[in-house]
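K.L.:
input.cif (mmCIF, C-alpha atoms) pasted underneath:
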data_target
#
loop_
_atom_site.label_atom_id
_atom_site.label_comp_id
_atom_site.auth_asym_id
_atom_site.auth_seq_id
_atom_site.Cartn_x
_atom_site.Cartn_y
_atom_site.Cartn_z
CA MET A 1 170.91 77.25 36.93
CA VAL A 2 173.38 80.11 36.60
CA GLY A 3 172.84 83.29 38.61
CA GLU A 4 174.69 86.60 38.63
CA ILE A 5 176.22 88.37 41.62
CA PHE A 6 175.60 92.09 41.21
CA HIS A 7 177.60 94.40 43.50
CA PHE A 8 175.35 97.42 43.90
CA GLN A 9 174.72 99.95 46.67
CA GLN A 10 177.64 98.44 48.61
CA GLN A 11 175.75 95.13 48.80
CA HIS A 12 175.95 91.79 47.03
CA TRP A 13 172.74 90.76 45.26
CA HIS A 14 172.56 87.23 43.84
CA LEU A 15 170.20 87.57 40.87
CA LEU A 16 168.66 84.16 40.34
CA PRO A 17 166.95 82.67 37.25
CA GLN A 18 164.23 81.40 39.58
CA ARG A 19 163.04 85.06 39.61
CA ALA A 20 164.42 85.87 43.04
CA ILE A 21 167.28 87.74 44.71
CA PHE A 22 169.45 86.51 47.55
CA TRP A 23 170.77 89.47 49.56
CA GLU A 24 174.09 88.16 50.81
CA GLU A 25 174.79 90.63 53.62
CA GLU A 26 171.35 90.18 55.21
CA LYS A 27 170.98 86.44 54.45
CA THR A 28 167.61 87.35 52.94
CA LEU A 29 165.71 85.89 50.02
CA ILE A 30 163.63 88.48 48.12
CA VAL A 31 160.72 87.69 45.81
CA SER A 32 157.76 89.65 44.50
CA ASP A 33 154.31 89.04 43.01
CA MET A 34 153.81 85.37 43.79
CA HIS A 35 150.04 85.65 43.22
CA LEU A 36 149.31 82.40 45.02
CA GLY A 37 145.71 81.38 44.45
CA LYS A 38 145.37 83.19 41.13
CA ALA A 39 144.79 80.00 39.16
CA ALA A 40 142.08 78.88 41.62
CA HIS A 41 140.52 82.34 41.39
CA PHE A 42 140.31 82.00 37.60
CA ARG A 43 138.93 78.45 37.77
CA LYS A 44 136.23 79.64 40.18
CA ALA A 45 135.25 82.20 37.52
CA GLY A 46 134.89 79.39 34.97
CA ILE A 47 138.20 79.99 33.16
CA ALA A 48 140.11 76.79 32.40
CA VAL A 49 143.53 77.00 34.08
CA PRO A 50 145.83 74.01 34.81
CA ALA A 51 146.02 72.95 38.45
CA GLY A 52 149.30 72.83 40.38
CA ILE A 53 150.86 76.08 39.15
CA GLU A 54 151.20 77.62 42.62
CA GLN A 55 152.49 74.34 44.06
CA GLU A 56 155.27 74.43 41.45
CA ASP A 57 156.11 78.01 42.45
CA LEU A 58 156.31 77.04 46.12
CA PHE A 59 158.52 74.08 45.25
CA ARG A 60 160.84 76.50 43.43
CA LEU A 61 160.91 78.69 46.54
CA GLN A 62 161.62 75.61 48.64
CA GLN A 63 164.62 74.79 46.45
CA LEU A 64 165.98 78.32 46.92
CA ILE A 65 165.59 78.05 50.68
CA THR A 66 167.46 74.75 50.69
CA ARG A 67 170.25 76.23 48.55
CA TYR A 68 170.74 79.61 50.26
CA LEU A 69 169.51 78.95 53.84
CA PRO A 70 168.01 82.43 54.33
CA GLN A 71 167.12 83.75 57.75
CA ARG A 72 164.42 85.95 56.27
CA ILE A 73 162.19 86.06 53.20
CA ILE A 74 160.86 89.40 51.93
CA ILE A 75 157.84 89.21 49.63
CA VAL A 76 157.47 92.57 47.89
CA GLY A 77 153.70 92.49 47.54
CA ASP A 78 150.93 90.41 45.97
CA MET A 79 151.78 87.22 47.76
CA PHE A 80 148.19 86.00 47.46
CA HIS A 81 146.02 86.97 44.54
CA SER A 82 142.69 87.39 46.27
CA THR A 83 140.59 86.04 49.14
CA GLU A 84 141.35 82.84 51.02
CA ASN A 85 141.09 79.59 49.03
CA ASN A 86 142.63 76.11 48.91
CA ASP A 87 146.02 77.48 47.88
CA VAL A 88 146.20 79.36 51.17
CA GLN A 89 145.62 76.06 52.97
CA TYR A 90 148.37 74.47 50.88
CA PHE A 91 150.72 77.28 51.89
CA ARG A 92 149.77 76.75 55.54
CA VAL A 93 151.11 73.18 55.32
CA TRP A 94 154.16 74.30 53.29
CA ARG A 95 155.00 76.95 55.89
CA GLN A 96 155.42 74.36 58.63
CA GLN A 97 158.60 73.12 56.95
CA PHE A 98 160.23 76.53 57.39
CA ALA A 99 158.76 77.83 60.65
CA ASN A 100 162.21 79.11 61.67
CA ILE A 101 162.40 81.57 58.74
CA PHE A 102 160.99 85.05 59.32
CA ILE A 103 158.69 86.17 56.49
CA ASN A 104 157.93 89.84 55.76
CA LEU A 105 155.14 90.66 53.34
CA VAL A 106 155.18 94.19 51.98
CA LYS A 107 151.48 94.54 51.34
CA GLY A 108 150.38 94.78 47.71
CA ASN A 109 147.09 95.68 46.10
CA HIS A 110 146.07 92.00 45.89
CA ASP A 111 146.89 91.22 49.53
CA ILE A 112 143.35 91.70 50.84
CA MET A 113 142.88 88.85 53.31
CA PRO A 114 142.11 89.67 56.98
CA ASP A 115 145.13 90.33 59.22
CA GLU A 116 144.43 87.24 61.31
CA VAL A 117 144.97 84.98 58.28
CA TYR A 118 148.49 86.32 57.80
CA GLU A 119 149.13 85.98 61.54
CA GLN A 120 148.09 82.32 61.41
CA LEU A 121 150.52 81.81 58.52
CA GLN A 122 153.34 83.42 60.58
CA ILE A 123 153.72 86.29 58.13
CA GLN A 124 154.46 89.82 59.29
CA VAL A 125 152.61 92.31 57.09
CA ASN A 126 154.20 95.71 56.46
CA THR A 127 152.97 98.64 54.39
CA THR A 128 156.62 99.40 53.63
CA LEU A 129 159.84 97.91 54.97
CA THR A 130 163.35 99.29 55.43
CA ILE A 131 166.36 97.11 56.28
CA SER A 132 169.93 98.47 56.43
CA GLY A 133 168.87 101.56 54.46
CA ILE A 134 167.28 99.53 51.65
CA HIS A 135 163.57 100.28 51.27
CA PHE A 136 160.87 97.95 49.96
CA ILE A 137 157.45 98.99 48.65
CA HIS A 138 155.04 97.23 46.32
CA GLU A 139 154.28 99.86 43.69
CA PRO A 140 157.25 101.37 41.81
CA CYS A 141 158.75 104.58 43.14
CA GLU A 142 160.01 107.57 41.15
CA ASP A 143 162.81 108.99 43.30
CA HIS A 144 164.99 108.10 46.28
CA ASN A 145 162.47 109.39 48.87
CA GLY A 146 165.32 109.83 51.34
CA PHE A 147 166.28 106.13 51.31
CA GLN A 148 169.54 104.58 50.17
CA TYR A 149 167.70 102.56 47.51
CA THR A 150 164.16 101.24 46.93
CA PHE A 151 163.01 97.92 45.51
CA SER A 152 159.46 97.36 44.29
CA GLY A 153 157.37 94.86 42.37
CA HIS A 154 153.86 95.21 40.89
CA PHE A 155 155.03 95.98 37.35
CA HIS A 156 156.11 92.41 36.38
CA PRO A 157 158.92 93.87 34.22
CA ALA A 158 160.09 92.40 30.90
CA PHE A 159 162.77 93.55 28.46
CA VAL A 160 162.93 93.04 24.69
CA MET A 161 166.20 91.55 23.45
CA GLN A 162 167.00 92.08 19.77
CA GLY A 163 169.22 89.76 17.73
CA ALA A 164 171.40 90.47 14.69
CA GLY A 165 168.71 89.13 12.37
CA LYS A 166 166.07 91.46 13.84
CA GLN A 167 164.76 88.69 16.08
CA ARG A 168 162.96 89.96 19.15
CA LEU A 169 162.64 88.05 22.40
CA ARG A 170 160.71 89.41 25.39
CA LEU A 171 162.04 88.15 28.73
CA PRO A 172 161.33 88.81 32.42
CA CYS A 173 164.00 90.94 34.02
CA PHE A 174 165.55 92.66 37.03
CA TYR A 175 165.74 96.43 36.60
CA PHE A 176 168.02 98.80 38.55
CA GLY A 177 167.20 102.48 38.07
CA PRO A 178 169.18 105.32 39.68
CA HIS A 179 167.09 105.28 42.88
CA CYS A 180 164.54 102.48 42.39
CA GLY A 181 164.69 98.89 41.20
CA ILE A 182 161.88 96.61 40.02
CA LEU A 183 161.77 92.87 40.66
CA PRO A 184 160.37 90.27 38.25
CA ALA A 185 157.17 88.46 39.17
CA PHE A 186 158.03 85.24 40.99
CA GLY A 187 154.77 83.56 40.05
CA HIS A 188 154.69 81.98 36.61
CA PHE A 189 150.96 82.59 36.17
CA THR A 190 151.36 86.36 35.76
CA GLY A 191 151.48 88.82 32.90
CA SER A 192 154.29 91.30 32.29
CA ALA A 193 154.90 94.86 31.15
CA THR A 194 157.71 95.88 28.81
CA LEU A 195 160.30 98.25 30.24
CA ASP A 196 161.81 101.17 28.36
CA PRO A 197 164.84 101.89 30.57
CA ALA A 198 167.42 104.60 30.11
CA ALA A 199 170.53 103.44 28.26
CA ASP A 200 172.70 103.42 31.40
CA ASP A 201 170.21 101.64 33.70
CA PRO A 202 171.35 98.07 34.46
CA VAL A 203 168.91 95.41 33.24
CA PHE A 204 169.37 91.66 33.73
CA VAL A 205 167.10 89.30 31.81
CA ILE A 206 166.08 85.79 32.83
CA ALA A 207 166.83 83.54 29.89
CA GLY A 208 165.81 80.02 30.79
CA LYS A 209 168.28 78.83 33.43
CA SER A 210 170.62 81.81 33.13
CA ILE A 211 170.84 85.49 34.03
CA ILE A 212 172.17 87.71 31.22
CA ARG A 213 173.03 91.37 31.52
CA ALA A 214 171.06 93.08 28.74
CA GLN A 215 172.55 96.55 29.23
#
If you convert what's in this file into structure tokens, what do you get?
P.N.:
Amino acid sequence: MVGEIFHFQQQHWHLLPQRAIFWEEEKTLIVSDMHLGKAAHFRKAGIAVPAGIEQEDLFRLQQLITRYLPQRIIIVGDMFHSTENNDVQYFRVWRQQFANIFINLVKGNHDIMPDEVYEQLQIQVNTTLTISGIHFIHEPCEDHNGFQYTFSGHFHPAFVMQGAGKQRLRLPCFYFGPHCGILPAFGHFTGSATLDPAADDPVFVIAGKSIIRAQ
């Protein structure tokens, strides 16, 4: 898989087709909107959803950890989709492989489990998080708010690519606005919302196994 190193805000961000960012200076892996347990939540409601989706997402995260050896993982909200279920127990076992990695969860609107559950999973929960002047919140911001730059999730951004023959392809993307950026949803069992960025805002789409700068 081919990523893209984006030098931005005096930092090096490895934009990865696995829907994640590796922050080189901080040795930190950044993901958003994993929505672990969402498939089980739907199945409980009687909606037919294939099993194993979240396990595949965690395996993808495991591969990134093995490749980049991060000291920290930042999850920018909506790590778990709802209340505790079997996928939380699966994560509990998965977490034991990487007990040495510090995990920050920037709390999202779906992160509603009791604090003690996160403590048992060795996850530090933050309402917001700031590291080296870079700010992380779950819901998208509108201005700099006094921080160097802000990353958020929640939106599950996608961008429409148009071909010469008027073909249109809608792809998940990384968006970098003047003061605020939006991360793609890491979880595959998620919807998305189409962005309408300004012409000079950098957008990188995830096209299969590659990252392509769309504008």
K.L.:
From the list A:Val125, A:Phe59, A:Leu169, A:Arg67, which residue is nearest A:Leu16 when using only C-alpha atoms?
P.N.:
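Ranked by minimum distance to A:Leu16, first place goes to A:Arg67.
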K.L.:
Return the single residue from A:Gly163, A:Pro178, A:Gly37, A:Pro70 that is closest to A:Phe91, with distances computed using only C-alpha atoms.
P.N.:
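Using only C-alpha atoms, A:Phe91 sits closest to A:Gly37.
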K.L.:
List the neighbours of stretch 179-185 of chain A out to 7 Å using all atoms listed in the file; skip same-chain residues closer than 5 positions along the sequence, and give me the result as a VMD selection string.
P.N.:
chain A and resid 19 32 to 34 140 to 144 149 to 153 156 to 157 172 to 174
K.L.:
Just give me the gap between atom CA of A:Asp57 and atom CA of A:Ala20 in Å, one decimal is fine.
P.N.:
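Atom-to-atom, atom CA of A:Asp57 to atom CA of A:Ala20, that is 11.5 Å.
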K.L.:
Measuring atom to atom with all atoms listed in the file, identify which of A:Ile131, A:His154, A:Arg72, A:Trp94 is nearest to A:Lys107.
P.N.:
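The answer is A:His154, which sits nearest to A:Lys107.
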K.L.:
As a check of understanding, name the residues that the PyMOL selection byres ((chain A and resi 35) around 7) selects in the supplied structure, as a PyMOL selection string.
P.N.:
chain A and resi 33-34+36-38+78-81+187
K.L.:
Keeping only C-alpha atoms, write the selected residues to a file as a compact mmCIF listing (two decimals), in the coordinates of the input.
P.N.:
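Saved the output as selection_8.txt:
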# COMPACT_ATOMS: atom_id res chain seq x y z
CA ASP A 33 154.31 89.04 43.01
CA MET A 34 153.81 85.37 43.79
CA LEU A 36 149.31 82.40 45.02
CA GLY A 37 145.71 81.38 44.45
CA LYS A 38 145.37 83.19 41.13
CA ASP A 78 150.93 90.41 45.97
CA MET A 79 151.78 87.22 47.76
CA PHE A 80 148.19 86.00 47.46
CA HIS A 81 146.02 86.97 44.54
CA GLY A 187 154.77 83.56 40.05
K.L.:
Using all atoms listed in the file, find the one residue out of A:Phe8, A:Tyr175, A:Tyr68, A:Phe102 that sits nearest to A:Thr194.
P.N.:
A:Tyr175
K.L.:
Name the residues captured by the PyMOL selection byres ((chain A and resi 75) around 8) when it is applied to the shown file; answer as a PyMOL selection string.
P.N.:
chain A and resi 30-33+73-74+76-79+103-106
K.L.:
Which is closer to A:Leu58 than all the others in A:His188, A:His14, A:Ile123, A:Gly3, using all atoms listed in the file?
P.N.:
A:His188
K.L.:
Run the PyMOL selection byres ((chain A and resi 213) around 8) on the file and write out the hits as a list in words.
P.N.:
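Selected by the PyMOL selection byres ((chain A and resi 213) around 8) here: Pro202, Val203, Phe204, Val205, Ile211, Ile212, Ala214 and Gln215 of chain A.
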K.L.:
Do a neighbour search on A:Leu121 at 12 Å with all atoms listed in the file, toss out local chain neighbours closer than 5 positions, and write the hits as a tab-separated table (two decimals) with C-alpha atoms, in the frame of the given file.
P.N.:
chain	number	residue	atom	x	y	z
A	84	GLU	CA	141.35	82.84	51.02
A	88	VAL	CA	146.20	79.36	51.17
A	89	GLN	CA	145.62	76.06	52.97
A	90	TYR	CA	148.37	74.47	50.88
A	91	PHE	CA	150.72	77.28	51.89
A	92	ARG	CA	149.77	76.75	55.54
A	93	VAL	CA	151.11	73.18	55.32
A	94	TRP	CA	154.16	74.30	53.29
A	95	ARG	CA	155.00	76.95	55.89
A	96	GLN	CA	155.42	74.36	58.63
A	97	GLN	CA	158.60	73.12	56.95
A	98	PHE	CA	160.23	76.53	57.39
A	99	ALA	CA	158.76	77.83	60.65
A	101	ILE	CA	162.40	81.57	58.74
A	102	PHE	CA	160.99	85.05	59.32
A	103	ILE	CA	158.69	86.17	56.49
A	104	ASN	CA	157.93	89.84	55.76
A	105	LEU	CA	155.14	90.66	53.34
A	113	MET	CA	142.88	88.85	53.31
A	114	PRO	CA	142.11	89.67	56.98
A	115	ASP	CA	145.13	90.33	59.22
A	116	GLU	CA	144.43	87.24	61.31
K.L.:
Produce a table with one row for each residue of stretch 31-145 of chain A that has an atom at most 12 Å from any atom of stretch 9-13 of chain A, each row naming the nearest atom pair and its distance in Å at one decimal; use all atoms listed in the file; arrange rows by chain and rising residue number; format as a tab-separated table.
P.N.:
residue	atom	partner	partner_atom	distance
A:Ser132	CA	A:Gln11	CA	10.2
A:Gly133	CA	A:Gln9	CA	9.9
A:Ile134	CA	A:Gln9	CA	9.0
K.L.:
Which of these residues is nearest to A:Gln71, using all atoms listed in the file: A:Asp111, A:Asp87, A:Glu119, A:Glu26?
P.N.:
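Distance minimum relative to A:Gln71 lands on A:Glu26.
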K.L.:
What's the separation between atom CA of A:Val160 and atom CA of A:Asp196, in Å to one decimal place?
P.N.:
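According to the coordinates, atom CA of A:Val160 and atom CA of A:Asp196 are separated by 9.0 Å.
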K.L.:
Where atoms are absent from stretch 138-162 of chain A, fill them in so it carries N, CA, C and O atoms, then output it as a PDB file, in the frame of the given file.
P.N.:
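Output file part30.pdb is given in full below:
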ATOM      1  N   HIS A 138     155.591  98.062  47.389  1.00  0.00           N
ATOM      2  CA  HIS A 138     155.040  97.230  46.320  1.00  0.00           C
ATOM      3  C   HIS A 138     155.009  97.963  44.986  1.00  0.00           C
ATOM      4  O   HIS A 138     155.504  97.457  43.977  1.00  0.00           O
ATOM      5  N   GLU A 139     154.421  99.142  44.958  1.00  0.00           N
ATOM      6  CA  GLU A 139     154.280  99.860  43.690  1.00  0.00           C
ATOM      7  C   GLU A 139     155.546 100.675  43.402  1.00  0.00           C
ATOM      8  O   GLU A 139     156.139 101.257  44.307  1.00  0.00           O
ATOM      9  N   PRO A 140     155.983 100.709  42.146  1.00  0.00           N
ATOM     10  CA  PRO A 140     157.250 101.370  41.810  1.00  0.00           C
ATOM     11  C   PRO A 140     157.330 102.817  42.256  1.00  0.00           C
ATOM     12  O   PRO A 140     156.344 103.554  42.209  1.00  0.00           O
ATOM     13  N   CYS A 141     158.521 103.203  42.702  1.00  0.00           N
ATOM     14  CA  CYS A 141     158.750 104.580  43.140  1.00  0.00           C
ATOM     15  C   CYS A 141     159.356 105.384  41.986  1.00  0.00           C
ATOM     16  O   CYS A 141     159.716 104.837  40.945  1.00  0.00           O
ATOM     17  N   GLU A 142     159.475 106.696  42.195  1.00  0.00           N
ATOM     18  CA  GLU A 142     160.010 107.570  41.150  1.00  0.00           C
ATOM     19  C   GLU A 142     161.294 108.285  41.562  1.00  0.00           C
ATOM     20  O   GLU A 142     162.020 108.770  40.710  1.00  0.00           O
ATOM     21  N   ASP A 143     161.567 108.359  42.851  1.00  0.00           N
ATOM     22  CA  ASP A 143     162.810 108.990  43.300  1.00  0.00           C
ATOM     23  C   ASP A 143     163.276 108.310  44.569  1.00  0.00           C
ATOM     24  O   ASP A 143     162.665 107.350  45.035  1.00  0.00           O
ATOM     25  N   HIS A 144     164.376 108.804  45.146  1.00  0.00           N
ATOM     26  CA  HIS A 144     164.990 108.100  46.280  1.00  0.00           C
ATOM     27  C   HIS A 144     164.187 108.236  47.570  1.00  0.00           C
ATOM     28  O   HIS A 144     164.346 107.428  48.482  1.00  0.00           O
ATOM     29  N   ASN A 145     163.332 109.237  47.693  1.00  0.00           N
ATOM     30  CA  ASN A 145     162.470 109.390  48.870  1.00  0.00           C
ATOM     31  C   ASN A 145     163.250 109.392  50.187  1.00  0.00           C
ATOM     32  O   ASN A 145     162.719 109.033  51.233  1.00  0.00           O
ATOM     33  N   GLY A 146     164.515 109.763  50.122  1.00  0.00           N
ATOM     34  CA  GLY A 146     165.320 109.830  51.340  1.00  0.00           C
ATOM     35  C   GLY A 146     165.946 108.513  51.747  1.00  0.00           C
ATOM     36  O   GLY A 146     166.672 108.462  52.746  1.00  0.00           O
ATOM     37  N   PHE A 147     165.705 107.436  50.986  1.00  0.00           N
ATOM     38  CA  PHE A 147     166.280 106.130  51.310  1.00  0.00           C
ATOM     39  C   PHE A 147     167.501 105.868  50.446  1.00  0.00           C
ATOM     40  O   PHE A 147     167.694 106.451  49.388  1.00  0.00           O
ATOM     41  N   GLN A 148     168.345 104.949  50.914  1.00  0.00           N
ATOM     42  CA  GLN A 148     169.540 104.580  50.170  1.00  0.00           C
ATOM     43  C   GLN A 148     169.162 104.036  48.796  1.00  0.00           C
ATOM     44  O   GLN A 148     169.743 104.413  47.776  1.00  0.00           O
ATOM     45  N   TYR A 149     168.196 103.124  48.767  1.00  0.00           N
ATOM     46  CA  TYR A 149     167.700 102.560  47.510  1.00  0.00           C
ATOM     47  C   TYR A 149     166.359 101.900  47.790  1.00  0.00           C
ATOM     48  O   TYR A 149     166.094 101.468  48.904  1.00  0.00           O
ATOM     49  N   THR A 150     165.491 101.829  46.773  1.00  0.00           N
ATOM     50  CA  THR A 150     164.160 101.240  46.930  1.00  0.00           C
ATOM     51  C   THR A 150     163.943 100.136  45.905  1.00  0.00           C
ATOM     52  O   THR A 150     164.237 100.308  44.721  1.00  0.00           O
ATOM     53  N   PHE A 151     163.428  99.009  46.387  1.00  0.00           N
ATOM     54  CA  PHE A 151     163.010  97.920  45.510  1.00  0.00           C
ATOM     55  C   PHE A 151     161.489  97.828  45.538  1.00  0.00           C
ATOM     56  O   PHE A 151     160.847  97.998  46.580  1.00  0.00           O
ATOM     57  N   SER A 152     160.906  97.523  44.381  1.00  0.00           N
ATOM     58  CA  SER A 152     159.460  97.360  44.290  1.00  0.00           C
ATOM     59  C   SER A 152     159.141  96.196  43.368  1.00  0.00           C
ATOM     60  O   SER A 152     160.016  95.595  42.743  1.00  0.00           O
ATOM     61  N   GLY A 153     157.854  95.894  43.273  1.00  0.00           N
ATOM     62  CA  GLY A 153     157.370  94.860  42.370  1.00  0.00           C
ATOM     63  C   GLY A 153     156.250  95.436  41.520  1.00  0.00           C
ATOM     64  O   GLY A 153     156.390  96.491  40.920  1.00  0.00           O
ATOM     65  N   HIS A 154     155.114  94.734  41.481  1.00  0.00           N
ATOM     66  CA  HIS A 154     153.860  95.210  40.890  1.00  0.00           C
ATOM     67  C   HIS A 154     153.868  95.259  39.362  1.00  0.00           C
ATOM     68  O   HIS A 154     152.909  94.871  38.704  1.00  0.00           O
ATOM     69  N   PHE A 155     154.960  95.705  38.781  1.00  0.00           N
ATOM     70  CA  PHE A 155     155.030  95.980  37.350  1.00  0.00           C
ATOM     71  C   PHE A 155     155.221  94.718  36.501  1.00  0.00           C
ATOM     72  O   PHE A 155     154.893  94.703  35.321  1.00  0.00           O
ATOM     73  N   HIS A 156     155.785  93.645  37.105  1.00  0.00           N
ATOM     74  CA  HIS A 156     156.110  92.410  36.380  1.00  0.00           C
ATOM     75  C   HIS A 156     156.971  92.747  35.154  1.00  0.00           C
ATOM     76  O   HIS A 156     156.594  92.479  34.006  1.00  0.00           O
ATOM     77  N   PRO A 157     158.162  93.320  35.342  1.00  0.00           N
ATOM     78  CA  PRO A 157     158.920  93.870  34.220  1.00  0.00           C
ATOM     79  C   PRO A 157     159.452  92.817  33.243  1.00  0.00           C
ATOM     80  O   PRO A 157     159.833  91.710  33.617  1.00  0.00           O
ATOM     81  N   ALA A 158     159.487  93.197  31.960  1.00  0.00           N
ATOM     82  CA  ALA A 158     160.090  92.400  30.900  1.00  0.00           C
ATOM     83  C   ALA A 158     160.907  93.330  30.013  1.00  0.00           C
ATOM     84  O   ALA A 158     160.659  94.541  29.961  1.00  0.00           O
ATOM     85  N   PHE A 159     161.876  92.765  29.322  1.00  0.00           N
ATOM     86  CA  PHE A 159     162.770  93.550  28.460  1.00  0.00           C
ATOM     87  C   PHE A 159     162.877  92.835  27.114  1.00  0.00           C
ATOM     88  O   PHE A 159     162.965  91.609  27.065  1.00  0.00           O
ATOM     89  N   VAL A 160     162.863  93.609  26.033  1.00  0.00           N
ATOM     90  CA  VAL A 160     162.930  93.040  24.690  1.00  0.00           C
ATOM     91  C   VAL A 160     164.387  92.976  24.236  1.00  0.00           C
ATOM     92  O   VAL A 160     165.066  94.002  24.123  1.00  0.00           O
ATOM     93  N   MET A 161     164.863  91.761  23.987  1.00  0.00           N
ATOM     94  CA  MET A 161     166.200  91.550  23.450  1.00  0.00           C
ATOM     95  C   MET A 161     166.100  91.440  21.926  1.00  0.00           C
ATOM     96  O   MET A 161     165.201  90.767  21.402  1.00  0.00           O
ATOM     97  N   GLN A 162     167.021  92.103  21.225  1.00  0.00           N
ATOM     98  CA  GLN A 162     167.000  92.080  19.770  1.00  0.00           C
ATOM     99  C   GLN A 162     168.267  91.425  19.240  1.00  0.00           C
ATOM    100  O   GLN A 162     169.376  91.752  19.657  1.00  0.00           O
TER     101      GLN A 162
END
